[in-house]
Amino acid sequence: MDRVFIAGGGAAGMLCASILQDGFDVTLAEKKRRYEFIPDILSLINRDEEHGDLQRHEEMLPNVSFIHKEVTAVSPGLAVAGKEHEFDYLVLCTGSSLRGAFDSNTISPYSYDSIHSNLEMIRGSESHLVIGGGPVGVELMGELMSSDEKNDVLMVHGGERILNRMGPKVSEAVMWHYSNRGGRFALSKRVVETWGSKFILDDGEEVEADLAYMSTGFRPVTDYLAGEYAPSLSPSGHVKVNHCLQIQGHQNAYAVGDITAIRGEKTYIAAERQAKVAAGNIVRTKEGKTLSSYRPLSLPMLLSLGSDNALLACGDHIIKSSLLLRLKRSEGKYVNFKLGHARFSKAMPI
Ligand SMILES: Cc1cc2nc3c(=O)[nH]c(=O)nc-3n(C[C@H](O)[C@H](O)[C@H](O)COP(=O)(O)OP(=O)(O)OC[C@H]3O[C@@H](n4cnc5c(N)ncnc54)[C@H](O)[C@@H]3O)c2cc1C
């Protein structure tokens, strides 16, 4: 049986493994011990849940061999995760992480652990500084404002408007929603330095906060790529792929999800759509069929606005409703269902 090695068991990696598990010998290396549904991790601030509630990858996909080690190197035909693993096909799905934090009083909220291990401090703080007004910063601000109405939450954002990759009406609607509830904004400003609970902005203003959160954008996790794959990295560290999602210059190696240099918003849905194309193309190669192409789509974005509201944005069209929040919160519960049905999806149009 042909061997597939998958690096990373998040949105893209788990879906690829699920599609390929029947016809291939699939090994998946994932450094975390349990599966995290990332779009829902910020809600942990306002809900009582323990680590034990997260599922183990092995329970979700029993036919896949999991290695809970970090992938430290890959070269054509060989991957290193603890020990060396040979493969016929490679799929890189190691995602991205939020850009680094300042040393003091700053959290980078990109994983379950980064929030869970700081939960006491987050809940015990009264003044919060959110650095960066993209989708993650906006959702985080909502959770912090919901956790205690006495909380003072300030967002500092370098651009002229928050959510600047979305329509101006979306930025206005979100600012209006938070400002009416006491949230504050400092636009066209950047945090340049910190001293304990003091944060210095680029215009010299000093801001005090018990705790700050970095949400200034993502960087791809591709630092283990060197040697033959290094020329496939873009200047930003993303992996360059062709329209079939093959890594440039490598027919049997694919990259999927946040690590790719594909233009467009990096989202869970995009990662899943790409996973179906890449895994489907591995099946098609084996069957001697023509490969499929990935077509980026600009899809509506669903943003939570705290623990009682959410907003669906499509261009400048907006729907705000607590029902949308319920929809967003329930998505994570369907991951198992989606993985269970993924093996059939290779036969379905993407
Ligand atoms: C706080 C937050 C909220 C978000 N909310 C939304 C949302 O509401 N809707 C939406 O569509 N998108 C959202 N996103 C983005 C979405 O989560 C990502 O686009 C999606 O998870 C990307 O999937 P992926 O498989 O590429 O990466 P991931 O899902 O991040 O998976 C990558 C996996 O690789 C593992 N890994 C990394 N390096 C190694 C290594 N060297 N060896 C082994 N394993 C490794 C990681 O542990 C991780 O499990 C959010 C992101 C964040 C951070």
# chains A, B, ... in the order shown; residues from 1 in each chain; ligands from 1

call {"tool": "residues_near_ligand", "arguments": {"ligand": "ligand 1", "cutoff": "7 Å", "atoms": "only C-alpha atoms and all ligand atoms", "output": "PyMOL selection string"}}
result
chain A and resi 7-13+29-32+35+38-42+69-72+93-98+109-111+136+221+224+256-259+266-269+271+302-303

call {"tool": "residues_around", "arguments": {"residues": "Ser321 of chain A", "least_positions_apart": "5", "cutoff": "10 Å", "atoms": "only C-alpha atoms", "output": "VMD selection string"}}
result
chain A and resid 304 to 305 308 to 312 326

call {"tool": "select_by_dssp", "arguments": {"residues": "segment 34-156 of chain A", "states": "strand (DSSP E or B)", "output": "number ranges by chain"}}
result
A: 34, 56, 65-67, 73-75, 78-81, 83-86, 89-92, 96-98, 106-107, 127-131, 152-156

call {"tool": "write_last_selection", "arguments": {"atoms": "C-alpha atoms", "output": "PDB file, in the first residue's frame"}}
result
ATOM      1  CA  ARG A  34      -5.752  16.322  21.377  1.00  0.00           C
ATOM      2  CA  ARG A  56      -7.821  12.442  21.048  1.00  0.00           C
ATOM      3  CA  SER A  65      -1.203   6.002  12.649  1.00  0.00           C
ATOM      4  CA  PHE A  66      -0.603   9.094  14.776  1.00  0.00           C
ATOM      5  CA  ILE A  67       2.787  10.236  16.009  1.00  0.00           C
ATOM      6  CA  ALA A  73      12.676  18.074   8.849  1.00  0.00           C
ATOM      7  CA  VAL A  74      11.348  16.812   5.528  1.00  0.00           C
ATOM      8  CA  SER A  75      13.131  15.889   2.345  1.00  0.00           C
ATOM      9  CA  LEU A  78      11.712  11.108   4.146  1.00  0.00           C
ATOM     10  CA  ALA A  79      10.215  13.001   7.091  1.00  0.00           C
ATOM     11  CA  VAL A  80      11.641  13.338  10.589  1.00  0.00           C
ATOM     12  CA  ALA A  81       9.230  13.353  13.552  1.00  0.00           C
ATOM     13  CA  LYS A  83      12.459   9.216  14.041  1.00  0.00           C
ATOM     14  CA  GLU A  84      12.659   8.966  10.251  1.00  0.00           C
ATOM     15  CA  HIS A  85       9.529   8.041   8.258  1.00  0.00           C
ATOM     16  CA  GLU A  86       9.587   7.083   4.588  1.00  0.00           C
ATOM     17  CA  TYR A  89       3.167  11.047  -0.777  1.00  0.00           C
ATOM     18  CA  LEU A  90       3.651  14.036   1.508  1.00  0.00           C
ATOM     19  CA  VAL A  91       0.986  16.528   2.663  1.00  0.00           C
ATOM     20  CA  LEU A  92       2.121  19.562   4.670  1.00  0.00           C
ATOM     21  CA  SER A  96       0.140  29.131  11.189  1.00  0.00           C
ATOM     22  CA  SER A  97       0.579  30.771  14.558  1.00  0.00           C
ATOM     23  CA  LEU A  98      -0.010  34.318  15.698  1.00  0.00           C
ATOM     24  CA  THR A 106       1.152  39.604  26.873  1.00  0.00           C
ATOM     25  CA  ILE A 107      -0.615  36.514  25.582  1.00  0.00           C
ATOM     26  CA  SER A 127      -8.139  46.150  31.976  1.00  0.00           C
ATOM     27  CA  HIS A 128      -7.332  44.441  28.685  1.00  0.00           C
ATOM     28  CA  LEU A 129      -5.413  45.650  25.633  1.00  0.00           C
ATOM     29  CA  VAL A 130      -6.101  43.887  22.326  1.00  0.00           C
ATOM     30  CA  ILE A 131      -3.271  44.567  19.873  1.00  0.00           C
ATOM     31  CA  ASP A 152     -12.125  47.940  30.356  1.00  0.00           C
ATOM     32  CA  VAL A 153     -11.164  46.749  26.859  1.00  0.00           C
ATOM     33  CA  LEU A 154      -9.058  48.854  24.479  1.00  0.00           C
ATOM     34  CA  MET A 155      -8.133  47.790  20.947  1.00  0.00           C
ATOM     35  CA  VAL A 156      -5.039  49.345  19.349  1.00  0.00           C
TER      36      VAL A 156
END

call {"tool": "residues_around", "arguments": {"residues": "Tyr229 of chain A", "least_positions_apart": "3", "cutoff": "10 Å", "atoms": "only C-alpha atoms", "output": "JSON, numbers by chain"}}
result
{"A": [74, 75, 76, 224, 225, 226, 232, 233, 239, 240, 247, 248, 249, 250, 253]}

call {"tool": "write_last_selection", "arguments": {"atoms": "C-alpha atoms", "output": "PDB file, in the first residue's frame"}}
result
ATOM      1  CA  VAL A  74      11.348  16.812   5.528  1.00  0.00           C
ATOM      2  CA  SER A  75      13.131  15.889   2.345  1.00  0.00           C
ATOM      3  CA  PRO A  76      11.735  14.042  -0.712  1.00  0.00           C
ATOM      4  CA  TYR A 224      11.235  22.731   9.375  1.00  0.00           C
ATOM      5  CA  LEU A 225      11.394  23.112   5.572  1.00  0.00           C
ATOM      6  CA  ALA A 226      14.917  23.292   4.243  1.00  0.00           C
ATOM      7  CA  SER A 232       9.328  26.487  -2.650  1.00  0.00           C
ATOM      8  CA  LEU A 233       9.042  29.029   0.170  1.00  0.00           C
ATOM      9  CA  VAL A 239       4.687  27.298   0.644  1.00  0.00           C
ATOM     10  CA  LYS A 240       4.205  27.981  -3.068  1.00  0.00           C
ATOM     11  CA  ILE A 247       4.421  21.959  -3.925  1.00  0.00           C
ATOM     12  CA  GLN A 248       6.257  23.675  -6.759  1.00  0.00           C
ATOM     13  CA  GLY A 249       8.688  21.236  -8.369  1.00  0.00           C
ATOM     14  CA  HIS A 250       7.458  18.186  -6.350  1.00  0.00           C
ATOM     15  CA  ALA A 253       4.158  16.555  -2.235  1.00  0.00           C
TER      16      ALA A 253
END

call {"tool": "atom_distance", "arguments": {"atom1": "atom CA of Tyr213 of chain A", "atom2": "atom CA of Ser108 of chain A"}}
result
5.7 Å

call {"tool": "closest_residue", "arguments": {"among": "A:Leu297, A:Ala17, A:Val170, A:Cys244", "to": "Arg284 of chain A", "atoms": "only C-alpha atoms"}}
result
A:Cys244

call {"tool": "residues_around", "arguments": {"residues": "Met166 of chain A", "least_positions_apart": "2", "cutoff": "10 Å", "atoms": "only C-alpha atoms", "output": "list in words"}}
result
Gly134, Pro135, Arg161, Ile162, Leu163, Asn164, Pro168, Lys169, Val170, Ser171, Pro300, Met301, Ala313, Cys314, Gly315 and Asp316 of chain A

call {"tool": "atom_distance", "arguments": {"atom1": "atom CA of Gly124 of chain A", "atom2": "atom CA of Leu144 of chain A"}}
result
11.1 Å

call {"tool": "closest_residue", "arguments": {"among": "A:His116, A:Arg99, A:Arg263, A:Arg329", "to": "Val241 of chain A", "atoms": "only C-alpha atoms"}}
result
A:Arg263

call {"tool": "atom_distance", "arguments": {"atom1": "atom CA of Glu193 of chain A", "atom2": "atom CA of Gly137 of chain A"}}
result
19.0 Å

call {"tool": "closest_residue", "arguments": {"among": "A:His68, A:Arg33, A:Lys150, A:Arg184", "to": "Tyr112 of chain A", "atoms": "only C-alpha atoms"}}
result
A:Arg33

call {"tool": "residues_around", "arguments": {"residues": "segment 280-282 of chain A", "least_positions_apart": "2", "cutoff": "8 Å", "atoms": "only C-alpha atoms", "output": "count of residues only"}}
result
13

call {"tool": "closest_residue", "arguments": {"among": "A:Thr290, A:Ser307, A:Asn242, A:Gln251", "to": "Arg47 of chain A", "atoms": "only C-alpha atoms"}}
result
A:Ser307
